[in-house]
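Structure data (compact mmCIF, C-alpha atoms) from model_10.txt:
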```txt
# COMPACT_ATOMS: atom_id res chain seq x y z
CA MET A 70 0.00 0.00 0.00
CA ILE A 71 2.73 2.49 0.87
CA TRP A 72 4.22 2.41 -2.65
CA ARG A 73 0.86 3.64 -4.02
CA ASP A 74 0.88 6.56 -1.59
CA PRO A 75 2.91 9.43 -3.13
CA LYS A 76 3.80 10.96 0.25
CA SER A 77 5.11 7.67 1.67
CA ARG A 78 6.95 6.97 -1.57
CA THR A 79 8.50 10.43 -1.55
CA VAL A 80 9.71 10.11 2.04
CA LEU A 81 11.38 6.74 1.44
CA GLY A 82 12.83 7.78 -1.93
CA SER A 83 14.36 10.98 -0.60
CA ILE A 84 15.81 9.14 2.42
CA LEU A 85 17.35 6.52 0.13
CA LEU A 86 18.93 9.17 -2.12
CA SER A 87 20.32 11.10 0.83
CA SER A 88 21.64 7.92 2.47
CA VAL A 89 23.57 6.91 -0.63
CA GLY A 90 25.25 10.31 -0.38
CA VAL A 91 25.95 9.77 3.34
CA GLY A 92 27.60 6.42 2.60
CA VAL A 93 29.89 8.13 0.10
CA TYR A 94 30.48 11.18 2.33
CA VAL A 95 31.65 9.41 5.50
CA LEU A 96 34.35 7.33 3.82
CA ALA A 97 35.32 9.92 1.21
CA LEU A 98 35.75 12.67 3.81
CA GLY A 99 37.98 10.45 5.95
CA GLN A 100 40.12 9.56 2.95
CA LEU A 101 40.24 13.18 1.78
CA LEU A 102 41.43 14.46 5.16
CA PHE A 103 43.98 11.67 5.47
CA THR A 104 45.34 12.56 2.03
CA ILE A 105 45.70 16.22 3.05
CA THR A 106 47.15 15.69 6.54
CA GLY A 107 48.60 12.17 6.59
CA THR A 108 46.93 11.45 9.95
CA PRO A 109 43.48 10.27 11.13
CA LEU A 110 43.43 12.99 13.79
CA ALA A 111 41.86 15.52 11.40
CA PHE A 112 38.87 13.26 10.80
CA ALA A 113 38.40 12.81 14.56
CA VAL A 114 38.36 16.60 14.94
CA VAL A 115 35.75 16.90 12.18
CA VAL A 116 33.53 14.25 13.80
CA THR A 117 33.76 16.12 17.09
CA ALA A 118 32.78 19.37 15.33
CA GLN A 119 29.77 17.60 13.85
CA GLY A 120 28.66 16.52 17.32
CA ILE A 121 29.01 20.07 18.58
CA GLY A 122 26.96 21.37 15.66
CA ALA A 123 24.17 18.87 16.31
CA ILE A 124 23.91 19.63 20.03
CA ALA A 125 24.07 23.40 19.38
CA VAL A 126 21.24 23.48 16.84
CA LEU A 127 18.75 21.00 18.31
CA PRO A 128 17.32 23.28 21.04
CA PHE A 129 16.34 25.75 18.29
CA ALA A 130 15.46 23.28 15.52
CA GLY A 131 12.18 22.16 17.09
CA PRO A 132 10.55 25.58 17.58
CA LEU A 133 11.89 26.72 14.19
CA VAL A 134 10.46 23.77 12.26
CA ASP A 135 7.19 23.86 14.21
CA GLY A 136 6.74 27.45 13.00
CA LEU A 137 7.37 26.62 9.32
CA ARG A 138 6.23 24.14 6.68
CA SER A 139 8.17 20.91 7.10
CA GLN A 140 8.31 20.23 3.35
CA ARG A 141 9.91 23.61 2.69
CA VAL A 142 12.42 23.25 5.55
CA TYR A 143 13.41 19.77 4.35
CA ALA A 144 14.00 20.97 0.77
CA ILE A 145 15.98 24.05 1.85
CA CYS A 146 18.18 21.94 4.12
CA SER A 147 18.82 19.41 1.33
CA PHE A 148 19.81 22.08 -1.18
CA SER A 149 22.01 23.75 1.45
CA ARG A 150 23.66 20.39 2.20
CA ALA A 151 24.49 20.01 -1.47
CA ILE A 152 26.15 23.45 -1.53
CA VAL A 153 28.17 22.78 1.65
CA VAL A 154 29.38 19.39 0.37
CA LEU A 155 30.42 21.04 -2.90
CA ALA A 156 32.42 23.54 -0.86
CA ILE A 157 34.16 20.67 0.96
CA ALA A 158 34.96 19.00 -2.37
CA VAL A 159 36.43 22.22 -3.78
CA ALA A 160 38.48 22.84 -0.63
CA GLY A 161 39.83 19.30 -0.70
CA ALA A 162 40.52 19.11 -4.42
CA GLY A 163 42.27 22.46 -4.93
CA ALA A 164 45.23 24.16 -3.36
CA VAL A 165 43.00 26.04 -0.93
CA PRO A 166 44.89 27.59 2.02
CA HIS A 167 43.82 26.27 5.42
CA ALA A 168 41.69 23.56 3.81
CA VAL A 169 41.29 21.48 6.97
CA PRO A 170 39.89 24.32 9.16
CA LEU A 171 37.52 25.26 6.32
CA ILE A 172 36.36 21.66 5.96
CA THR A 173 35.88 21.43 9.74
CA VAL A 174 33.64 24.52 9.76
CA ALA A 175 31.73 23.19 6.75
CA ALA A 176 31.21 19.85 8.49
CA LEU A 177 29.86 21.65 11.56
CA VAL A 178 27.37 23.54 9.36
CA LEU A 179 26.48 20.27 7.65
CA ALA A 180 25.68 18.64 11.00
CA MET A 181 23.39 21.55 11.88
CA LEU A 182 21.57 21.23 8.56
CA ASP A 183 21.26 17.45 8.96
CA ASN A 184 19.56 17.75 12.32
CA VAL A 185 17.14 20.46 11.21
CA GLN A 186 16.32 18.30 8.18
CA ARG A 187 15.67 15.23 10.33
CA THR A 188 13.42 17.30 12.56
CA ALA A 189 11.48 18.45 9.51
CA LEU A 190 11.18 14.85 8.26
CA PHE A 191 9.78 13.74 11.64
CA LYS A 192 7.15 16.49 11.46
CA PHE A 193 6.35 15.76 7.80
CA ILE A 194 5.69 12.07 8.52
CA ALA A 195 3.62 12.93 11.60
CA HIS A 196 1.32 15.27 9.65
CA HIS A 197 1.18 13.89 6.10
CA VAL A 198 1.68 10.12 6.17
CA SER A 199 -1.56 8.28 6.88
CA GLU A 200 -1.94 6.43 10.18
CA GLU A 201 -2.12 3.04 8.47
CA ASN A 202 1.21 3.67 6.72
CA LYS A 203 3.07 5.45 9.52
CA VAL A 204 4.60 2.37 11.17
CA LYS A 205 5.72 0.96 7.82
CA VAL A 206 7.24 4.26 6.70
CA ASN A 207 9.06 4.84 9.99
CA GLY A 208 10.43 1.31 9.91
CA LEU A 209 11.37 1.29 6.25
CA SER A 210 13.11 4.63 6.77
CA GLY A 211 15.70 2.81 8.87
CA ALA A 212 16.03 0.09 6.27
CA ALA A 213 16.37 2.69 3.50
CA ILE A 214 19.18 4.35 5.45
CA GLN A 215 21.01 1.03 5.81
CA VAL A 216 20.59 0.12 2.13
CA GLY A 217 21.52 3.62 0.99
CA VAL A 218 24.66 3.86 3.14
CA LEU A 219 25.89 0.43 2.05
CA GLY A 220 25.14 1.32 -1.58
CA GLY A 221 27.05 4.58 -1.19
CA MET A 222 30.06 2.80 0.25
CA ALA A 223 30.06 0.36 -2.67
CA LEU A 224 29.65 3.24 -5.13
CA LEU A 225 32.62 5.02 -3.57
CA GLY A 226 34.85 2.09 -4.44
CA LEU A 227 33.86 2.38 -8.09
CA VAL A 228 34.41 6.15 -8.17
CA LEU A 229 37.86 5.87 -6.60
CA THR A 230 39.00 3.59 -9.44
CA VAL A 231 38.68 6.52 -11.86
CA GLY A 232 38.76 9.60 -9.63
CA THR A 233 39.50 10.98 -6.17
CA ALA A 234 37.66 11.34 -2.88
CA ALA A 235 36.86 14.94 -3.81
CA HIS A 236 35.18 13.71 -7.00
CA ALA A 237 33.18 11.19 -4.96
CA LEU A 238 31.77 13.99 -2.81
CA LEU A 239 30.02 15.29 -5.93
CA LEU A 240 27.76 12.22 -5.64
CA THR A 241 26.82 13.25 -2.11
CA ALA A 242 25.92 16.73 -3.33
CA ALA A 243 23.87 15.24 -6.17
CA GLY A 244 22.01 12.94 -3.75
CA SER A 245 21.09 15.86 -1.49
CA ALA A 246 19.91 17.98 -4.41
CA GLY A 247 17.89 15.07 -5.80
CA ALA A 248 16.23 14.47 -2.41
CA ALA A 249 15.29 18.16 -2.22
CA VAL A 250 13.71 18.13 -5.67
CA TRP A 251 11.83 14.91 -4.96
CA MET A 252 10.43 16.21 -1.67
CA SER A 253 9.45 19.53 -3.27
CA THR A 254 7.32 17.87 -5.93
CA VAL A 255 4.87 16.04 -3.65
CA ARG A 256 1.47 17.70 -3.32
CA LEU A 257 0.08 17.97 0.22
CA ASP A 258 -3.61 17.81 1.00
CA LYS A 259 -3.70 19.26 4.51
CA ALA A 260 -2.09 21.99 6.61
CA GLU A 261 0.28 21.41 9.50
CA GLY A 262 0.11 22.52 13.11
CA ARG A 263 2.09 25.75 13.50
CA GLY A 264 4.14 26.65 16.54
CA ALA A 265 4.76 29.94 18.30
CA LEU A 266 7.48 31.12 15.90
CA SER A 267 5.06 31.22 12.98
CA SER A 268 3.57 34.53 14.13
CA VAL A 269 6.43 36.48 15.77
CA PRO A 270 8.95 38.92 14.29
CA LEU A 271 12.58 37.83 14.04
CA ARG A 272 13.72 39.95 17.02
CA ALA A 273 11.26 38.07 19.25
CA ALA A 274 12.18 34.62 17.93
CA LEU A 275 14.46 33.58 20.81
CA PRO A 276 12.08 34.54 23.65
CA ALA A 277 9.22 32.91 21.72
CA ALA A 278 11.28 29.72 21.31
CA VAL A 279 11.98 29.62 25.05
CA ARG A 280 8.28 30.10 25.82
CA ASP A 281 7.40 27.42 23.27
CA TRP A 282 9.74 24.90 24.93
CA ARG A 283 8.52 25.82 28.41
CA GLN A 284 4.90 25.37 27.40
CA MET A 285 5.57 21.99 25.81
CA LEU A 286 7.64 20.64 28.70
CA ARG A 287 4.98 21.82 31.15
CA GLN A 288 2.46 19.62 29.34
CA TYR A 289 4.52 16.51 30.09
CA ARG A 290 5.27 17.16 33.76
CA GLY A 291 2.66 14.57 34.64
CA GLU A 292 3.96 12.12 32.03
CA LEU A 293 7.52 11.39 33.08
CA VAL A 294 7.28 8.13 31.16
CA VAL A 295 7.42 10.20 27.94
CA PHE A 296 10.90 11.36 28.96
CA GLY A 297 11.72 7.70 29.58
CA MET A 298 10.74 7.03 25.96
CA LEU A 299 13.05 9.82 24.82
CA VAL A 300 15.92 8.33 26.83
CA LEU A 301 15.14 4.94 25.32
CA CYS A 302 15.52 6.38 21.80
CA ALA A 303 19.28 6.35 22.36
CA ALA A 304 19.34 2.57 22.92
CA ASP A 305 18.77 1.50 19.33
CA PHE A 306 21.37 3.92 18.00
CA VAL A 307 23.97 2.90 20.58
CA ALA A 308 23.38 -0.73 19.60
CA ALA A 309 23.66 -0.02 15.86
CA HIS A 310 26.72 2.25 16.22
CA SER A 311 28.41 -0.28 18.51
CA LEU A 312 27.92 -3.16 16.07
CA SER A 313 29.30 -0.98 13.26
CA THR A 314 32.27 -0.01 15.43
CA LEU A 315 33.02 -3.55 16.58
CA VAL A 316 32.55 -5.26 13.22
CA VAL A 317 36.07 -4.26 12.13
CA PRO A 318 37.91 -5.85 15.09
CA LEU A 319 35.48 -8.79 14.94
CA VAL A 320 36.47 -9.47 11.34
CA ALA A 321 40.14 -8.85 12.13
CA ASP A 322 40.06 -11.42 14.95
CA HIS A 323 38.03 -14.14 13.26
CA TYR A 324 38.14 -13.62 9.49
CA GLY A 325 41.65 -12.40 8.77
CA GLY A 326 40.50 -8.83 8.24
CA GLN A 327 38.75 -9.65 4.94
CA SER A 328 36.75 -6.54 4.08
CA TRP A 329 33.89 -8.40 2.42
CA PHE A 330 33.01 -9.94 5.81
CA ILE A 331 32.56 -6.41 7.18
CA ALA A 332 30.12 -5.59 4.39
CA ALA A 333 28.37 -8.96 4.79
CA LEU A 334 27.80 -8.53 8.53
CA GLU A 335 26.58 -4.94 8.10
CA ALA A 336 24.27 -6.11 5.32
CA THR A 337 22.96 -8.88 7.59
CA PHE A 338 21.96 -6.23 10.14
CA GLY A 339 20.08 -4.39 7.38
CA ILE A 340 18.42 -7.62 6.21
CA GLY A 341 17.20 -8.17 9.77
CA MET A 342 15.54 -4.75 9.67
CA LEU A 343 13.95 -5.50 6.32
CA ALA A 344 12.64 -8.85 7.59
CA ALA A 345 11.07 -7.12 10.59
CA SER A 346 9.26 -4.65 8.31
CA VAL A 347 7.17 -7.53 6.93
CA VAL A 348 5.67 -8.50 10.29
CA THR A 349 5.08 -5.15 12.02
CA ARG A 350 1.42 -6.04 12.63
CA TYR A 351 2.61 -8.56 15.22
CA THR A 352 5.89 -7.12 16.47
CA VAL A 353 5.56 -3.31 16.80
CA THR A 354 3.63 -3.20 20.07
CA GLN A 355 4.09 -1.45 23.40
CA ARG A 356 4.16 -4.63 25.47
CA LEU A 357 7.02 -6.07 23.39
CA LEU A 358 9.23 -2.98 23.71
CA PRO A 359 11.39 -4.29 26.61
CA VAL A 360 11.59 -7.65 24.86
CA TRP A 361 13.18 -6.11 21.76
CA VAL A 362 15.69 -4.08 23.77
CA GLY A 363 16.47 -7.12 25.91
CA VAL A 364 16.98 -9.29 22.83
CA GLN A 365 19.62 -6.85 21.61
CA ALA A 366 21.37 -7.10 24.98
CA ALA A 367 21.26 -10.91 24.83
CA MET A 368 22.70 -10.98 21.32
CA ALA A 369 25.57 -8.69 22.36
CA LEU A 370 26.35 -11.10 25.20
CA LEU A 371 26.20 -14.05 22.77
CA LEU A 372 28.58 -12.29 20.37
CA SER A 373 31.04 -11.77 23.22
CA ALA A 374 31.25 -15.50 23.87
CA SER A 375 31.42 -17.06 20.40
CA SER A 376 33.91 -17.34 17.56
CA GLN A 377 31.50 -19.17 15.23
CA PRO A 378 30.45 -17.44 11.97
CA VAL A 379 26.89 -18.70 12.27
CA VAL A 380 26.57 -16.99 15.66
CA HIS A 381 28.05 -13.73 14.34
CA PHE A 382 25.67 -13.55 11.39
CA LEU A 383 22.72 -14.68 13.50
CA GLY A 384 23.54 -12.05 16.12
CA TYR A 385 23.71 -9.23 13.58
CA PHE A 386 20.47 -10.37 11.96
CA VAL A 387 18.55 -10.65 15.25
CA VAL A 388 19.82 -7.29 16.53
CA GLY A 389 18.69 -5.69 13.25
CA PHE A 390 15.28 -7.35 13.58
CA ALA A 391 14.82 -6.29 17.22
CA ASN A 392 16.28 -2.83 16.59
CA PHE A 393 13.72 -2.17 13.86
CA ASN A 394 10.78 -3.04 16.10
CA SER A 395 11.74 -0.95 19.12
CA LEU A 396 12.89 2.00 17.00
CA THR A 397 9.70 1.98 14.92
CA TRP A 398 7.40 1.85 17.93
CA LEU A 399 9.21 4.72 19.65
CA ILE A 400 9.27 7.01 16.59
CA THR A 401 5.64 6.36 15.66
CA THR A 402 4.34 6.75 19.20
CA LEU A 403 6.23 9.99 19.82
CA GLN A 404 4.91 11.38 16.51
CA GLN A 405 1.35 10.55 17.48
CA HIS A 406 1.61 11.61 21.12
CA ALA A 407 3.07 15.07 20.49
CA GLY A 408 0.58 17.91 19.99
CA ASP A 409 0.04 19.30 16.50
CA ALA A 410 2.23 22.33 17.24
CA ASP A 411 4.91 20.27 19.01
CA LYS A 412 5.86 17.59 16.48
CA ALA A 413 9.22 19.10 15.55
CA LYS A 414 10.14 19.91 19.15
CA MET A 415 9.53 16.26 20.02
CA ALA A 416 11.82 15.32 17.14
CA SER A 417 14.50 17.66 18.51
CA LEU A 418 14.24 16.07 21.95
CA ARG A 419 14.55 12.64 20.39
CA LEU A 420 17.63 13.62 18.36
CA LEU A 421 19.17 15.34 21.37
CA SER A 422 18.70 12.18 23.42
CA ILE A 423 20.35 10.13 20.68
CA GLY A 424 23.26 12.59 20.42
CA LEU A 425 23.86 12.77 24.17
CA GLY A 426 23.42 9.03 24.64
CA THR A 427 25.87 8.28 21.85
CA ALA A 428 28.39 10.84 23.13
CA LEU A 429 28.23 9.45 26.68
CA LEU A 430 28.04 5.73 25.98
CA MET A 431 30.10 5.12 22.85
CA PRO A 432 33.36 6.12 24.61
CA LEU A 433 32.58 3.43 27.21
CA ILE A 434 32.19 0.83 24.47
CA GLY A 435 35.34 2.12 22.77
CA GLY A 436 37.28 1.97 26.05
CA ALA A 437 36.13 -1.59 26.66
CA SER A 438 37.27 -2.56 23.15
CA GLN A 439 40.81 -1.54 24.13
CA VAL A 440 40.72 -4.34 26.71
CA SER A 441 39.30 -6.96 24.35
CA LEU A 442 36.60 -7.50 21.77
CA GLY A 443 34.66 -9.67 24.23
CA SER A 444 34.78 -6.92 26.86
CA ALA A 445 33.30 -4.46 24.38
CA PHE A 446 30.37 -6.75 23.60
CA VAL A 447 29.83 -7.42 27.33
CA GLY A 448 29.87 -3.65 27.95
CA LEU A 449 27.28 -3.17 25.21
CA ALA A 450 25.13 -5.93 26.74
CA ALA A 451 25.29 -4.20 30.14
CA VAL A 452 24.29 -0.83 28.65
CA LEU A 453 21.38 -2.39 26.78
CA ALA A 454 20.29 -4.29 29.91
CA ALA A 455 19.91 -0.92 31.69
CA PHE A 456 17.89 0.36 28.74
CA THR A 457 15.73 -2.79 28.98
CA LEU A 458 14.65 -1.74 32.48
CA CYS A 459 13.71 1.66 31.07
CA GLY A 460 11.75 -0.14 28.33
CA LEU A 461 9.87 -2.14 30.97
CA TRP A 462 8.89 1.10 32.73
CA VAL A 463 7.62 2.54 29.45
CA ALA A 464 5.71 -0.63 28.53
CA LEU A 465 3.95 -0.69 31.90
CA GLY A 466 3.41 3.02 32.45
CA PHE A 467 2.75 4.74 29.12
CA ARG A 468 -0.83 5.59 28.16
CA PRO A 469 -0.98 6.59 24.48
CA LYS A 470 -3.46 9.18 23.26
CA VAL A 471 -3.78 7.30 19.98
CA PRO A 472 -3.00 3.57 19.62
CA VAL A 473 -0.15 2.86 17.21
CA THR A 474 -1.67 1.83 13.88
CA ARG A 475 0.20 -1.06 12.31
```
Turn this file's structure into structure tokens for me.
Amino acid sequence: MIWRDPKSRTVLGSILLSSVGVGVYVLALGQLLFTITGTPLAFAVVVTAQGIGAIAVLPFAGPLVDGLRSQRVYAICSFSRAIVVLAIAVAGAGAVPHAVPLITVAALVLAMLDNVQRTALFKFIAHHVSEENKVKVNGLSGAAIQVGVLGGMALLGLVLTVGTAAHALLLTAAGSAGAAVWMSTVRLDKAEGRGALSSVPLRAALPAAVRDWRQMLRQYRGELVVFGMLVLCAADFVAAHSLSTLVVPLVADHYGGQSWFIAALEATFGIGMLAASVVTRYTVTQRLLPVWVGVQAAMALLLSASSQPVVHFLGYFVVGFANFNSLTWLITTLQQHAGDADKAKMASLRLLSIGLGTALLMPLIGGASQVSLGSAFVGLAAVLAAFTLCGLWVALGFRPKVPVTR
């Protein structure tokens, strides 16, 4: 049904195009900076700048997007992303003085645009995708990201056989521009809820944003479980990022460092997500939320204890399957539970939780990996076990305004 719905089709198509560009961008930028500096330190600095940009913009992204049309914000951010990536490509390809500081600033701006765009996408889905398609679209969005990123990484290898990393970044810019055009063409049949910033002059924007946040947070003082849901949003991303981080040492330890095993295990995670999208009617439910988080913890523990390929591939598949279900329920429920004028602010809170959770917890996983691969997986299992308790609280205590339509 969702492929016959132009709004659902547009959302998934634009996400896929953008994700192909992201897959190219991440690896190409690392290679470009290493070529310029001869050290991986520059890329680490750029990643840190991106985190700073995300955290800095998210408190303002929600009120801003709630006061504007989500479709327009998404398209503007996509076009702006294309321009910034082009600037990075030019700085990296030519003899531009101080190229690395310029690229770092550009990456910070890119992170800000990315998070505003994601906030706009959350609001767009909440308002314009039908209730019967919302779960499917939210779930398939994650699968589209996985497929797009893997496709972009594969495409980068082809581009590098005939060109440079700077040339490859042109594909990222093209993907962003294409996503903007695609999103701009869809015709909408209803208006969106508008927040406080839609009717104030620019000089009053900051005080209005503060009032807007205060009013929204006041609404949820009696629903602390909603904040538990926001905390829980970080769990799925910590699990996914950790598996992506640990797949390289896993392959180095057990498969001789063969790169195709890295791609195969990552693809298996994506296949698990795709498999889960077929059975959402039975699996995306509130009562199963702690089960899906707990399953991810159990699989991390299993991966810590086994050297068998069948266990590795099974673990990545099951985590992808469980990750899809918990992530989809959380996104869909938060979209439905937020008021019409608060959709984007809820998206900002969700992204902020993910950013802070990743920043706080990924160093713990990374530190454990310095001890051993098994210690890293055990550390991930412990983190996810704590999130499982949070999931149990949410499953028992949350009272949705609108039941999640599957």
For atom CA of Leu102 of chain A and atom CA of Thr233 of chain A, determine how far apart the two atoms are, in Å to one decimal place.
12.0 Å
Given all atoms listed in the file as the counted atoms, nearest of A:His197, A:Arg419, A:Arg187, A:Arg350 to Gly297 of chain A:
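The answer is A:Arg419, which sits nearest to Gly297 of chain A.
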Go through A:Met285, A:Ala235, A:Val294, A:Val185 one by one, measure the shortest atom-to-atom distance of each to Ala158 of chain A using only C-alpha atoms, and give the residue with the smallest value.
A:Ala235
Mind checking which residues fall within 12 Å of Thr104 of chain A, counting only C-alpha atoms, ignoring those fewer than 2 positions away in the same chain, and posting them as a PyMOL selection string?
chain A and resi 97-102+106-112+161-162+168-169+233-235
Might you pull out every residue within 9 Å of Leu179 of chain A, with all atoms listed in the file counted and same-chain residues fewer than 6 positions away left off, and present them as number ranges by chain?
A: 119, 122, 149-150, 153-154
Write out, as a Markdown table, each residue of segment 401-459 of chain A that has an atom at most 10 Å from segment 257-261 of chain A, together with the closest pair of atoms and their distance in Å to one decimal, counting all atoms listed in the file, rows going by chain and rising number.
```
| residue | atom | partner | partner_atom | distance |
| --- | --- | --- | --- | --- |
| A:Asp409 | CA | A:Glu261 | CA | 7.3 |
| A:Ala410 | CA | A:Glu261 | CA | 8.0 |
| A:Lys412 | CA | A:Glu261 | CA | 9.7 |
```
Please write as a PyMOL selection string the list of polymer residues whose atoms come within 10 Å of (11.7, -3.0, 14.3), counting all atoms listed in the file and keeping to the coordinates of the file.
chain A and resi 204-205+207-209+211-212+305+341-349+352-354+358+361+388-399
To one decimal place in Å, what is the distance between atom CA of Val89 of chain A and atom CA of Ala445 of chain A?
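For atom CA of Val89 of chain A relative to atom CA of Ala445 of chain A, the distance reads 29.1 Å.
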With all atoms listed in the file as the basis for distance, which of A:Pro378, A:Gly424, A:Gly82, A:Gly363 is at the shortest distance from Val250 of chain A?
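Using all atoms listed in the file, Val250 of chain A sits closest to A:Gly82.
The shortest atom-to-atom distance to Val206 of chain A, with only C-alpha atoms taken into account, belongs to A:Thr401 out of A:Thr188, A:Thr401, A:Ser139, A:Thr241.
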Can you work out the spacing between atom CA of Arg256 of chain A and atom CA of Pro75 of chain A in Å, to one decimal?
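Rounded to one decimal, the two atoms are 8.4 Å apart.
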Go through A:Ser311, A:Thr402, A:Ser199, A:Ser438 one by one, measure the shortest atom-to-atom distance of each to Lys76 of chain A using only C-alpha atoms, and give the residue with the smallest value.
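Residue with the minimum atom-to-atom distance to Lys76 of chain A: A:Ser199.
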Using only C-alpha atoms, can you list as a PyMOL selection string the residues within 9 Å of (13.8, 21.6, 1.3)?
chain A and resi 139-149+186+248-250+252-253
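With all atoms listed in the file as the basis for measurement, A:Val463 is the residue among A:Val114, A:Leu81, A:Ile400, A:Val463 that approaches Leu293 of chain A most closely.
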Hey, what's within 9 Å of Trp282 of chain A if we count only C-alpha atoms and toss same-chain stuff fewer than 6 positions away? As a list in words, please?
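Result of the neighbour search: Pro128, Gly131, Pro132, Asp411 and Lys414 of chain A.
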